[in-house]
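Asker: Take this structure first; my questions come after.
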There are 4 protein chains.
Amino acid sequence: MAYRAAIVGGSGYTGAELLRLLAAHPEIEVVHVTADSNAGARVAELYPSLVAAYPDLVFHPFDAADLDGLDLAFLALPHGQSQRHAGALLGRVAHLVDIGADFRLPAASYEQWYGEAHRAPELIGRFAFGLPELFRDDVLSRAHVANPGCYPTAASLALAPLLAAGLVEPAGLIVDAVSGVSGRGRGLSAPSLYSEANENVSAYGLLTHRHTAEMELALGRLSPAGQAQVLFTPHLVPMTRGILATCHARPAAGGEAARLGTDGLLAHYRQFYAGEPFVAVLDQPPATKATAGSNAVHVTVRYDARTGTVLAIAAEDNLVKGASGQALQNANLLLGLPETLGLPTVGLVP
Amino acid sequence: MAYRAAIVGGSGYTGAELLRLLAAHPEIEVVHVTADSNAGARVAELYPSLVAAYPDLVFHPFDAADLDGLDLAFLALPHGQSQRHAGALLGRVAHLVDIGADFRLPAASYEQWYGEAHRAPELIGRFAFGLPELFRDDVLSRAHVANPGCYPTAASLALAPLLAAGLVEPAGLIVDAVSGVSGRGRGLSAPSLYSEANENVSAYGLLTHRHTAEMELALGRLSPAGQAQVLFTPHLVPMTRGILATCHARPAAGGEAARLGTDGLLAHYRQFYAGEPFVAVLDQPPATKATAGSNAVHVTVRYDARTGTVLAIAAEDNLVKGASGQALQNANLLLGLPETLGLPTVGLVP
Amino acid sequence: MAYRAAIVGGSGYTGAELLRLLAAHPEIEVVHVTADSNAGARVAELYPSLVAAYPDLVFHPFDAADLDGLDLAFLALPHGQSQRHAGALLGRVAHLVDIGADFRLPAASYEQWYGEAHRAPELIGRFAFGLPELFRDDVLSRAHVANPGCYPTAASLALAPLLAAGLVEPAGLIVDAVSGVSGRGRGLSAPSLYSEANENVSAYGLLTHRHTAEMELALGRLSPAGQAQVLFTPHLVPMTRGILATCHARPAAGGEAARLGTDGLLAHYRQFYAGEPFVAVLDQPPATKATAGSNAVHVTVRYDARTGTVLAIAAEDNLVKGASGQALQNANLLLGLPETLGLPTVGLVP
Amino acid sequence: MAYRAAIVGGSGYTGAELLRLLAAHPEIEVVHVTADSNAGARVAELYPSLVAAYPDLVFHPFDAADLDGLDLAFLALPHGQSQRHAGALLGRVAHLVDIGADFRLPAASYEQWYGEAHRAPELIGRFAFGLPELFRDDVLSRAHVANPGCYPTAASLALAPLLAAGLVEPAGLIVDAVSGVSGRGRGLSAPSLYSEANENVSAYGLLTHRHTAEMELALGRLSPAGQAQVLFTPHLVPMTRGILATCHARPAAGGEAARLGTDGLLAHYRQFYAGEPFVAVLDQPPATKATAGSNAVHVTVRYDARTGTVLAIAAEDNLVKGASGQALQNANLLLGLPETLGLPTVGLVP
């Protein structure tokens, strides 16, 4: 294979998902994987699903020197860890793709939403916000990528065609989204228990979920106004994978959205996403399951003449397009490979 | 027992749920249960869960004459059936509680949302809209009840304290709600299959779900403006029971909602629902599972100063407070019994 | 109410289930509940499902003196804790019902299966093995009860009529059982995570699960041979509640089982369990869901002439008949109350 | 691509799964897909998961002439349909892989278990029983394959190393297996409804499930005795995909199994399956989820000295190794392609 890669923090769900996807990638070989808490264990012991692809791979404790000279490293670390290690890694590894939240926001915005100063603000500018369908040029012009969050990926792709064309007000955006429990990661906590999450739906992080900042950043960059304002309410639902973002926007003055109506908006979406291999614009409401295990995003849009509201909905697999799949999509771009290499677009149904 | 009751359409989920609840009711005895498609079958054959309570009860084909002289009949029929039979039943049974949608809306509104003329418009006025927490006097002043839909019950109880106090604009209300699959009933259809619904979330009935009309009716009656406008988007989630309604409203002019803030709004909700045995106002986001199998509704509210939006959330069991439990609550009122008789308030957790 | 009770270890699932059931019990009042790890927290904070029944109840740290003079204490503690505290409690509380495993087995058997000496072997004889359908006299003749495990309750009730009548060999019994995830309790561990347990079935505890000893104890006591031998394989399945035990036995010499055939065996089971309010013998295969939330056990039996094997199957809710419901059934017996008081027999379906 | 294939009966779950797998197969192109009940519909309409791979493919009504000259046809038809059409297809298509049950059993056995005479008994011998790990030579020596059932694949691979080496008695085999609901197909029936299957486990097909015959056929062919006898009890569990077969066998006289013990049996299994790309022998109990979406089978084995029993367990995805994946594995063999082409071995975890 052409490229040698490491996964830093490989024992969590996004790490395991990278291992799953890379097992089928023809040009990137995983030569090193770290996991401090599981150091010494075989990957296949923790994830028997991977036994056929990685019979002998072992988790190592993190040591930046072990990554010397690699083409690529994926950082799949808990919040706050990437900003500790990025400095040491930037000189050793050609390309970093950080799946965590550390390099997505400008330093001031980071401090506002995360309640603490960023430890390496001078490095933030070296990472592109890796949502290729919206900011591909950005990814292609930098060496490193900050992979967007799972919710912002879905919500931004749902609303982007509206904001970019000035069809809706950039303020007053409402995003109600649901996520499968894998979005909480493999850490142990009561709400992640089967007996708590099963047969249960609840909202969480009311008014203050940190992904709000990424949605406002991404949508603001697209909007003619240069900014956007989102009220985001996430919900936990009893499934393992999947995000559905149901988004509401008020038409911009001028009445263009009303003139287009649902059919016109669907046509606009199809044009906006023409040629995008991972985005499908559907007439019918998208379903998370249709994207399971794949890097696909399914989107639809409606204009409600009765209440004068635009409704846009996106579905994705939170661990693939919402995390590790998009990370690989970005890695393909950074390495000059075909963007779709090794990335399934067909969901596991039923 | 003091009262003799029938269940018309007893083989579906709302019928079975009535049988479950009435098995523990000290004053109402089920003496007759009909189910055209399962006529002749033993109840315990179709629902082994009921074998201890109804070892010998058998489903009969519907014949109005069989109900002569009963104190009470619950109608748990598919849409459109109650309006066919109500005329024949009104003279024979002292009290009807219709769990279906046939007598909830004024005739004109019915025709608008259901796309067909009502067959018995002259009878609609004899049925109270049975949401006791909001319209108890109405129930007490009539002999019959139209039990509200599952979604309208949750959404109306979430938003009622805001509308009733004029704290929010009655237009521009946005309700995103999720429901467990039992809300689709026991009928056979592909989206109700386990393999389709499991590990899947999707929206449905975009812009046109009929429960919108009930929400606008209930909230409009409470609002000083006399009307309300709702954009309602329902979602199917992989659980059997439960509805969560996440509702957004814009503060009314005058700034009272902003002055109250979240703490003031929570206090207002507690006052509004003081003494209501089935409504609990929680500080934390409500979870559907906490209400499973019970007639409880859990509610919370927030004021988001950043975006100037009020967020209100309600959780319920769609088959209990959203259907058969509320029907029994209404029956208790109609019969002059304690409103809580036979109705659990504790959810099945975990 | 007539009796005052405490729950020791009330923040786990069996404790919470006791609180749920006792909320509807007319003669037993919960006056004290302990939970070392959650001491100081309100019950309703941890379990919002209980807010209507216990709005102000608070978890206390365990102190035996707090239970002085109570009629009853339920011990819902992790393995090994009851034997530490039982001595201090026996003098203060009239009746103990231990939901844990500490007083179920003779000391030697305990040591064999648990790999450690029992701390209070002299107290074991004061506890009846509380499976009322099989050993009711035992419960009535003692002051305290060791509540059987969830799997042994199901498997023993499935096989008891065969062993008691000498219809099958007491050796070579094979029990394959599945349990919902709540059987693992509320403790944090990776296999209890939603994302691990969902869409997954696996066996565990191969050859060595401790509940084997209880099955052999209960069935051995019933068997003319005075002993029984079981190979028990438990499985974890993706549901919250429920146990299904599928049991295989070889007919005893003499051919009585073959002569009876399936119809004769079903008749024998009906006679064996005649008058038992919580056991239903079904023609059709029992389903766990039909027992959800109730104290019911559903049982069926078959004779397979082709292979010469008897197949017996039982379903129950592991948290009710498999734990807290049976504990309350035993408490009713100890207090001289009707055995069924406060115990639902109707399952939550759908 | 090198080969042109059709899928006959492509709108059910095994048909859709073939489409999913073939979308990633480099040498087989799907040029025709039939579905009488959905004729005229676009594949992507029924299965939005497939929209990126088959944007324009349309279901056609079945007409044998449409398949003239194809290299390969997969038959994914309801029971009894393949034997009607096979005659017409054998002359037109080079290779048939029948996923249904029509050509798996000898005519007499078919009649015994299916209760009706076979319509084309003279064709049965032209189909190999397509379990490559056990009967690869058979597949390679014939032009057509009868793909084994989902349960027989798991149970046979679990027990084969024991039978083939004469380590266990060929009679008295007990197989308790659980299956996800997708095993029931996409047809509409009450037990397949989400609200019925969720939070529920029950056994079904007691004593008479037709897959018993396939297990006895496969294991009998391996056994020195030339026959085997199985009591098979299938269970439905609340998950979409996955089969776990828990199998019990009595050691053969001579005591070889006891001498080997668990470690020796595991070593024997590893040797037996050495070089098999889809079988992994694990020390730990296999989990269905580890195989989800892949063609892998995970197996383990134990010797229980206490009861003198051998326990063998296998996990698989019922739609892949249990149906469409194995069909593709067989097709690869028939076409002379690498056996693993297009077949994932890594499961979708979490």
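Every chain in the structure tokens has a letter given in the order shown (A, B, ...), and although residue numbers restart at 1 in each chain, ligands are simply numbered from 1 in the order shown.
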Tell me which protein, DNA and RNA residues are within 10 Å of D:Arg184, counting only C-alpha atoms, leaving out same-chain ones fewer than 3 positions away, and put them as a list in words.

Answerer: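 Final neighbour list, sorted by chain and number: Ser195 of chain B; Tyr13, Ser179, Gly180, Val181, Gly187, Leu188, Ser189, Pro191, Ser192, Leu236 and Thr240 of chain D.
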
Asker: Once you have the residues from the selection above, write them out as a PDB file, in the first residue's frame, restricted to all heavy atoms.

Answerer:
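Okay, this is what ended up in part.pdb:
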ATOM      1  N   SER B 195     -37.854  -5.196  11.502  1.00  0.00           N
ATOM      2  CA  SER B 195     -36.621  -5.034  10.728  1.00  0.00           C
ATOM      3  C   SER B 195     -36.546  -3.692  10.008  1.00  0.00           C
ATOM      4  O   SER B 195     -35.465  -3.266   9.600  1.00  0.00           O
ATOM      5  CB  SER B 195     -36.476  -6.174   9.717  1.00  0.00           C
ATOM      6  OG  SER B 195     -36.447  -7.418  10.386  1.00  0.00           O
TER       7      SER B 195
ATOM      8  N   TYR D  13     -35.585  -9.329   1.776  1.00  0.00           N
ATOM      9  CA  TYR D  13     -34.350  -8.977   2.471  1.00  0.00           C
ATOM     10  C   TYR D  13     -33.125  -9.692   1.911  1.00  0.00           C
ATOM     11  O   TYR D  13     -32.041  -9.119   1.845  1.00  0.00           O
ATOM     12  CB  TYR D  13     -34.489  -9.267   3.968  1.00  0.00           C
ATOM     13  CG  TYR D  13     -35.422  -8.322   4.679  1.00  0.00           C
ATOM     14  CD1 TYR D  13     -36.112  -8.719   5.820  1.00  0.00           C
ATOM     15  CD2 TYR D  13     -35.613  -7.018   4.230  1.00  0.00           C
ATOM     16  CE1 TYR D  13     -36.961  -7.852   6.483  1.00  0.00           C
ATOM     17  CE2 TYR D  13     -36.469  -6.143   4.882  1.00  0.00           C
ATOM     18  CZ  TYR D  13     -37.132  -6.559   6.011  1.00  0.00           C
ATOM     19  OH  TYR D  13     -37.978  -5.705   6.669  1.00  0.00           O
ATOM     20  N   SER D 179     -32.572 -16.162  16.653  1.00  0.00           N
ATOM     21  CA  SER D 179     -32.419 -15.427  15.399  1.00  0.00           C
ATOM     22  C   SER D 179     -33.004 -14.039  15.514  1.00  0.00           C
ATOM     23  O   SER D 179     -34.010 -13.824  16.189  1.00  0.00           O
ATOM     24  CB  SER D 179     -33.136 -16.158  14.261  1.00  0.00           C
ATOM     25  OG  SER D 179     -33.163 -15.350  13.084  1.00  0.00           O
ATOM     26  N   GLY D 180     -32.381 -13.093  14.835  1.00  0.00           N
ATOM     27  CA  GLY D 180     -32.964 -11.779  14.658  1.00  0.00           C
ATOM     28  C   GLY D 180     -34.192 -11.858  13.772  1.00  0.00           C
ATOM     29  O   GLY D 180     -34.404 -12.829  13.038  1.00  0.00           O
ATOM     30  N   VAL D 181     -34.999 -10.794  13.807  1.00  0.00           N
ATOM     31  CA  VAL D 181     -36.312 -10.815  13.164  1.00  0.00           C
ATOM     32  C   VAL D 181     -36.217 -10.789  11.646  1.00  0.00           C
ATOM     33  O   VAL D 181     -37.141 -11.228  10.952  1.00  0.00           O
ATOM     34  CB  VAL D 181     -37.176  -9.649  13.689  1.00  0.00           C
ATOM     35  CG1 VAL D 181     -38.581  -9.713  13.134  1.00  0.00           C
ATOM     36  CG2 VAL D 181     -37.241  -9.680  15.227  1.00  0.00           C
ATOM     37  N   GLY D 187     -42.126 -10.136   4.692  1.00  0.00           N
ATOM     38  CA  GLY D 187     -43.569 -10.337   4.639  1.00  0.00           C
ATOM     39  C   GLY D 187     -44.256  -9.781   5.869  1.00  0.00           C
ATOM     40  O   GLY D 187     -43.667  -9.704   6.941  1.00  0.00           O
ATOM     41  N   LEU D 188     -45.528  -9.405   5.704  1.00  0.00           N
ATOM     42  CA  LEU D 188     -46.282  -8.791   6.797  1.00  0.00           C
ATOM     43  C   LEU D 188     -46.946  -9.863   7.645  1.00  0.00           C
ATOM     44  O   LEU D 188     -47.732 -10.664   7.147  1.00  0.00           O
ATOM     45  CB  LEU D 188     -47.333  -7.839   6.234  1.00  0.00           C
ATOM     46  CG  LEU D 188     -46.792  -6.676   5.384  1.00  0.00           C
ATOM     47  CD1 LEU D 188     -47.949  -5.836   4.851  1.00  0.00           C
ATOM     48  CD2 LEU D 188     -45.834  -5.816   6.179  1.00  0.00           C
ATOM     49  N   SER D 189     -46.619  -9.885   8.928  1.00  0.00           N
ATOM     50  CA  SER D 189     -47.270 -10.807   9.856  1.00  0.00           C
ATOM     51  C   SER D 189     -47.099 -10.245  11.253  1.00  0.00           C
ATOM     52  O   SER D 189     -46.132  -9.530  11.533  1.00  0.00           O
ATOM     53  CB  SER D 189     -46.642 -12.195   9.779  1.00  0.00           C
ATOM     54  OG  SER D 189     -45.323 -12.161  10.265  1.00  0.00           O
ATOM     55  N   PRO D 191     -46.196 -11.397  14.241  1.00  0.00           N
ATOM     56  CA  PRO D 191     -44.972 -11.582  15.034  1.00  0.00           C
ATOM     57  C   PRO D 191     -43.779 -10.784  14.513  1.00  0.00           C
ATOM     58  O   PRO D 191     -42.798 -10.625  15.229  1.00  0.00           O
ATOM     59  CB  PRO D 191     -44.699 -13.089  14.922  1.00  0.00           C
ATOM     60  CG  PRO D 191     -45.997 -13.705  14.532  1.00  0.00           C
ATOM     61  CD  PRO D 191     -46.709 -12.678  13.704  1.00  0.00           C
ATOM     62  N   SER D 192     -43.863 -10.309  13.274  1.00  0.00           N
ATOM     63  CA  SER D 192     -42.767  -9.500  12.727  1.00  0.00           C
ATOM     64  C   SER D 192     -42.901  -8.019  13.059  1.00  0.00           C
ATOM     65  O   SER D 192     -42.003  -7.233  12.759  1.00  0.00           O
ATOM     66  CB  SER D 192     -42.697  -9.648  11.199  1.00  0.00           C
ATOM     67  OG  SER D 192     -42.406 -10.973  10.838  1.00  0.00           O
ATOM     68  N   LEU D 236     -37.009 -16.409  18.625  1.00  0.00           N
ATOM     69  CA  LEU D 236     -36.957 -15.077  18.030  1.00  0.00           C
ATOM     70  C   LEU D 236     -36.520 -14.092  19.106  1.00  0.00           C
ATOM     71  O   LEU D 236     -37.095 -14.073  20.198  1.00  0.00           O
ATOM     72  CB  LEU D 236     -38.357 -14.703  17.526  1.00  0.00           C
ATOM     73  CG  LEU D 236     -38.446 -13.618  16.477  1.00  0.00           C
ATOM     74  CD1 LEU D 236     -37.755 -14.052  15.194  1.00  0.00           C
ATOM     75  CD2 LEU D 236     -39.901 -13.276  16.183  1.00  0.00           C
ATOM     76  N   THR D 240     -32.305  -7.183  14.652  1.00  0.00           N
ATOM     77  CA  THR D 240     -32.630  -7.343  13.245  1.00  0.00           C
ATOM     78  C   THR D 240     -31.848  -8.489  12.623  1.00  0.00           C
ATOM     79  O   THR D 240     -32.417  -9.340  11.942  1.00  0.00           O
ATOM     80  CB  THR D 240     -32.351  -6.038  12.480  1.00  0.00           C
ATOM     81  OG1 THR D 240     -33.143  -4.999  13.065  1.00  0.00           O
ATOM     82  CG2 THR D 240     -32.736  -6.177  11.017  1.00  0.00           C
TER      83      THR D 240
END

Asker: Could you pull out the residues in stretch 221-321 of chain B that DSSP calls strand (DSSP E) from the backbone, as a PyMOL selection string?

Answerer: chain B and resi 230-236+243-249+279-281+297-304+309-316

Asker: Could you state the separation of atom CA of A:Asn200 and atom CA of B:Leu343 in Å, given to one decimal place?

Answerer: 21.1 Å

Asker: Taking only C-alpha atoms into account, what are the residues of chain C at most 10 Å from chain B, put as JSON, numbers by chain?

Answerer: {"C": [12, 13, 14, 16, 17, 19, 20, 21, 23, 24, 45, 47, 48, 49, 50, 51, 52, 53, 54, 181, 182, 185, 186, 198, 199, 240, 241, 277, 278, 279, 280, 281, 282, 283, 284, 286, 287, 288, 289, 290, 291, 292, 293, 294, 296, 298, 319, 344, 345, 346, 347, 348, 349, 350]}

Asker: For the residues in that selection, give me N, CA and C atoms as a short mmCIF file (atom, residue, chain, number, x, y, z; two decimals), in the first residue's frame.

Answerer:
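And here's again_38.cif as it stands now:
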data_model
loop_
_atom_site.label_atom_id
_atom_site.label_comp_id
_atom_site.auth_asym_id
_atom_site.auth_seq_id
_atom_site.Cartn_x
_atom_site.Cartn_y
_atom_site.Cartn_z
N GLY C 12 -30.34 0.45 43.26
CA GLY C 12 -30.17 -0.42 42.10
C GLY C 12 -31.51 -0.78 41.49
N TYR C 13 -31.47 -1.64 40.48
CA TYR C 13 -32.72 -1.94 39.77
C TYR C 13 -33.70 -2.75 40.62
N THR C 14 -33.20 -3.68 41.43
CA THR C 14 -34.16 -4.44 42.24
C THR C 14 -34.75 -3.56 43.34
N ALA C 16 -35.24 -0.25 43.05
CA ALA C 16 -36.21 0.62 42.39
C ALA C 16 -37.49 -0.14 42.04
N GLU C 17 -37.33 -1.40 41.68
CA GLU C 17 -38.51 -2.20 41.34
C GLU C 17 -39.36 -2.46 42.58
N LEU C 19 -39.60 -0.37 45.06
CA LEU C 19 -40.29 0.91 45.29
C LEU C 19 -41.49 1.03 44.35
N ARG C 20 -41.32 0.63 43.09
CA ARG C 20 -42.44 0.68 42.15
C ARG C 20 -43.60 -0.19 42.64
N LEU C 21 -43.30 -1.42 43.03
CA LEU C 21 -44.37 -2.33 43.42
C LEU C 21 -45.00 -1.89 44.74
N ALA C 23 -45.32 1.00 45.90
CA ALA C 23 -46.14 2.21 45.75
C ALA C 23 -47.61 1.85 45.59
N ALA C 24 -47.89 0.64 45.13
CA ALA C 24 -49.28 0.21 44.93
C ALA C 24 -49.71 -0.82 45.97
N GLU C 45 -34.97 11.90 42.01
CA GLU C 45 -33.91 12.49 41.18
C GLU C 45 -33.26 11.37 40.34
N TYR C 47 -34.60 8.30 39.95
CA TYR C 47 -35.68 7.60 39.25
C TYR C 47 -36.89 8.53 39.11
N PRO C 48 -36.89 9.39 38.09
CA PRO C 48 -38.04 10.30 37.91
C PRO C 48 -39.35 9.53 37.74
N SER C 49 -39.27 8.27 37.36
CA SER C 49 -40.48 7.45 37.25
C SER C 49 -41.22 7.37 38.58
N LEU C 50 -40.52 7.57 39.69
CA LEU C 50 -41.12 7.40 41.01
C LEU C 50 -41.55 8.72 41.64
N VAL C 51 -41.48 9.82 40.86
CA VAL C 51 -41.68 11.14 41.46
C VAL C 51 -43.09 11.29 42.06
N ALA C 52 -44.08 10.72 41.43
CA ALA C 52 -45.44 10.89 41.94
C ALA C 52 -45.67 10.12 43.23
N ALA C 53 -44.97 8.98 43.38
CA ALA C 53 -45.20 8.14 44.56
C ALA C 53 -44.31 8.52 45.74
N TYR C 54 -43.11 8.96 45.44
CA TYR C 54 -42.14 9.26 46.50
C TYR C 54 -41.51 10.63 46.24
N VAL C 181 -30.94 -7.25 29.73
CA VAL C 181 -29.72 -6.65 30.27
C VAL C 181 -29.90 -6.13 31.69
N SER C 182 -31.13 -5.87 32.11
CA SER C 182 -31.32 -5.39 33.49
C SER C 182 -30.85 -6.42 34.50
N GLY C 185 -27.84 -5.56 36.39
CA GLY C 185 -27.88 -4.48 37.36
C GLY C 185 -27.52 -3.14 36.77
N ARG C 186 -27.41 -2.17 37.67
CA ARG C 186 -27.17 -0.79 37.25
C ARG C 186 -25.68 -0.43 37.28
N ASN C 198 -26.90 -3.89 22.34
CA ASN C 198 -27.93 -3.78 21.31
C ASN C 198 -27.52 -4.56 20.06
N GLU C 199 -28.52 -5.18 19.41
CA GLU C 199 -28.24 -5.96 18.19
C GLU C 199 -27.16 -7.00 18.46
N THR C 240 -34.54 -5.14 27.85
CA THR C 240 -34.26 -4.69 29.21
C THR C 240 -34.69 -5.73 30.23
N ARG C 241 -35.90 -6.23 30.09
CA ARG C 241 -36.46 -7.17 31.06
C ARG C 241 -36.82 -8.48 30.37
N PRO C 277 -51.58 -18.51 41.64
CA PRO C 277 -52.05 -17.29 40.96
C PRO C 277 -51.04 -16.71 39.97
N PHE C 278 -49.78 -17.06 40.12
CA PHE C 278 -48.77 -16.43 39.26
C PHE C 278 -48.25 -17.32 38.14
N VAL C 279 -48.68 -18.58 38.11
CA VAL C 279 -48.19 -19.48 37.07
C VAL C 279 -49.31 -19.78 36.08
N ALA C 280 -49.06 -19.54 34.81
CA ALA C 280 -50.01 -19.92 33.77
C ALA C 280 -49.36 -20.96 32.87
N VAL C 281 -50.04 -22.07 32.70
CA VAL C 281 -49.56 -23.11 31.78
C VAL C 281 -50.23 -22.87 30.43
N LEU C 282 -49.41 -22.62 29.42
CA LEU C 282 -49.93 -22.27 28.10
C LEU C 282 -49.72 -23.41 27.12
N ASP C 283 -50.63 -23.54 26.17
CA ASP C 283 -50.40 -24.47 25.05
C ASP C 283 -49.29 -23.95 24.15
N GLN C 284 -49.32 -22.66 23.92
CA GLN C 284 -48.37 -22.08 22.98
C GLN C 284 -47.05 -21.73 23.68
N PRO C 286 -44.38 -19.77 25.51
CA PRO C 286 -44.49 -18.52 26.27
C PRO C 286 -43.56 -17.44 25.72
N ALA C 287 -43.95 -16.19 25.92
CA ALA C 287 -43.18 -15.04 25.45
C ALA C 287 -42.87 -14.15 26.64
N THR C 288 -41.63 -13.72 26.75
CA THR C 288 -41.25 -12.92 27.92
C THR C 288 -42.10 -11.67 28.06
N LYS C 289 -42.42 -11.06 26.93
CA LYS C 289 -43.12 -9.78 26.98
C LYS C 289 -44.48 -9.88 27.67
N ALA C 290 -45.12 -11.03 27.56
CA ALA C 290 -46.44 -11.19 28.18
C ALA C 290 -46.36 -11.11 29.69
N THR C 291 -45.16 -11.23 30.24
CA THR C 291 -45.00 -11.17 31.70
C THR C 291 -44.38 -9.86 32.16
N ALA C 292 -44.07 -8.95 31.24
CA ALA C 292 -43.30 -7.75 31.58
C ALA C 292 -43.99 -6.92 32.66
N GLY C 293 -43.26 -6.60 33.70
CA GLY C 293 -43.78 -5.77 34.77
C GLY C 293 -44.67 -6.52 35.75
N SER C 294 -44.95 -7.78 35.48
CA SER C 294 -45.85 -8.56 36.33
C SER C 294 -45.10 -9.68 37.05
N ALA C 296 -45.98 -12.72 36.92
CA ALA C 296 -46.41 -13.98 36.28
C ALA C 296 -45.23 -14.79 35.74
N HIS C 298 -45.01 -17.83 32.77
CA HIS C 298 -45.74 -18.60 31.76
C HIS C 298 -44.90 -19.81 31.38
N LEU C 319 -36.93 -8.96 36.77
CA LEU C 319 -36.93 -8.03 37.90
C LEU C 319 -38.15 -8.20 38.79
N PRO C 344 -48.99 -7.28 40.38
CA PRO C 344 -49.71 -7.41 39.10
C PRO C 344 -49.47 -8.78 38.47
N THR C 345 -50.50 -9.28 37.80
CA THR C 345 -50.34 -10.53 37.05
C THR C 345 -50.47 -10.29 35.55
N VAL C 346 -50.74 -9.05 35.18
CA VAL C 346 -50.94 -8.71 33.77
C VAL C 346 -49.69 -8.03 33.25
N GLY C 347 -49.16 -8.49 32.13
CA GLY C 347 -47.94 -7.92 31.56
C GLY C 347 -48.21 -6.66 30.74
N LEU C 348 -47.16 -5.86 30.61
CA LEU C 348 -47.26 -4.62 29.84
C LEU C 348 -47.04 -4.93 28.36
N VAL C 349 -48.15 -5.11 27.63
CA VAL C 349 -48.10 -5.45 26.21
C VAL C 349 -48.96 -4.49 25.42
N PRO C 350 -48.57 -3.94 24.31
CA PRO C 350 -47.27 -4.19 23.69
C PRO C 350 -46.21 -3.37 24.43
#

Asker: Just want the 8 Å neighbourhood of stretch 135-149 of chain A, counted on only C-alpha atoms, with same-chain residues fewer than 6 positions away dropped. Output as a PyMOL selection string.

Answerer: chain A and resi 94-104+126-129+211+214+322-323+326-327+330+333-334

Asker: Would you mind listing what lies within 12 Å of C:Ser109 as a PyMOL selection string, with only C-alpha atoms counted and same-chain residues fewer than 2 positions away left out?

Answerer: chain C and resi 101-107+111-118+121+124+210-214+216-217

Asker: Can you list, as a PyMOL selection string, every residue of stretch 26-223 of chain A that DSSP puts in alpha helix (DSSP H)?

Answerer: chain A and resi 43-46+82-90+107-114+132-140+150-164+194-197+211-222

Asker: I'd like the interatomic distance between atom CA of D:Ser82 and atom CA of D:Ile7, to a tenth of an Å.

Answerer: 12.3 Å

Asker: Mind running stretch 166-266 of chain B against stretch 154-177 of chain A at 12 Å and telling me each contacting residue's nearest atom pair with the distance in Å (one decimal), counting only C-alpha atoms, chain and number ascending, as a tab-separated table?

Answerer:
residue	atom	partner	partner_atom	distance
B:Gly172	CA	A:Gly172	CA	11.3
B:Leu173	CA	A:Ile174	CA	11.5
B:Ile174	CA	A:Ile174	CA	9.0
B:Val175	CA	A:Asp176	CA	9.7
B:Asp176	CA	A:Asp176	CA	7.1
B:Ala177	CA	A:Asp176	CA	9.4
B:Val178	CA	A:Ala177	CA	10.7
B:Val201	CA	A:Ala177	CA	10.4
B:Ser202	CA	A:Ala177	CA	10.9
B:Ala203	CA	A:Ala177	CA	11.1
B:Thr233	CA	A:Asp176	CA	10.5
B:Pro234	CA	A:Asp176	CA	11.6
B:His235	CA	A:Ala177	CA	10.8
B:Leu244	CA	A:Asp176	CA	11.9
B:Ala245	CA	A:Asp176	CA	10.7
B:Thr246	CA	A:Asp176	CA	8.0
B:Cys247	CA	A:Asp176	CA	9.6
B:His248	CA	A:Ile174	CA	8.4
B:Ala249	CA	A:Ile174	CA	10.7
B:Arg250	CA	A:Gly172	CA	9.7

Asker: Go ahead and dump the residues you just picked, C-alpha atoms, as a short mmCIF file (atom, residue, chain, number, x, y, z; two decimals), in the first residue's frame.

Answerer:
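Listed below is the output, part_38.cif:
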data_model
loop_
_atom_site.label_atom_id
_atom_site.label_comp_id
_atom_site.auth_asym_id
_atom_site.auth_seq_id
_atom_site.Cartn_x
_atom_site.Cartn_y
_atom_site.Cartn_z
CA GLY B 172 -44.92 30.23 14.77
CA LEU B 173 -45.12 27.34 17.23
CA ILE B 174 -42.85 24.48 16.22
CA VAL B 175 -43.41 20.98 17.55
CA ASP B 176 -40.92 18.22 16.76
CA ALA B 177 -42.10 15.01 18.35
CA VAL B 178 -41.03 11.37 18.37
CA VAL B 201 -35.43 7.13 12.86
CA SER B 202 -37.32 9.06 10.24
CA ALA B 203 -39.81 11.86 10.08
CA THR B 233 -43.23 17.18 12.52
CA PRO B 234 -43.65 13.66 13.90
CA HIS B 235 -40.88 11.07 13.89
CA LEU B 244 -41.50 13.11 23.48
CA ALA B 245 -42.64 16.49 22.19
CA THR B 246 -39.98 19.18 21.86
CA CYS B 247 -41.71 22.52 21.32
CA HIS B 248 -40.42 25.96 20.38
CA ALA B 249 -42.20 29.27 20.79
CA ARG B 250 -41.30 32.91 20.31
#
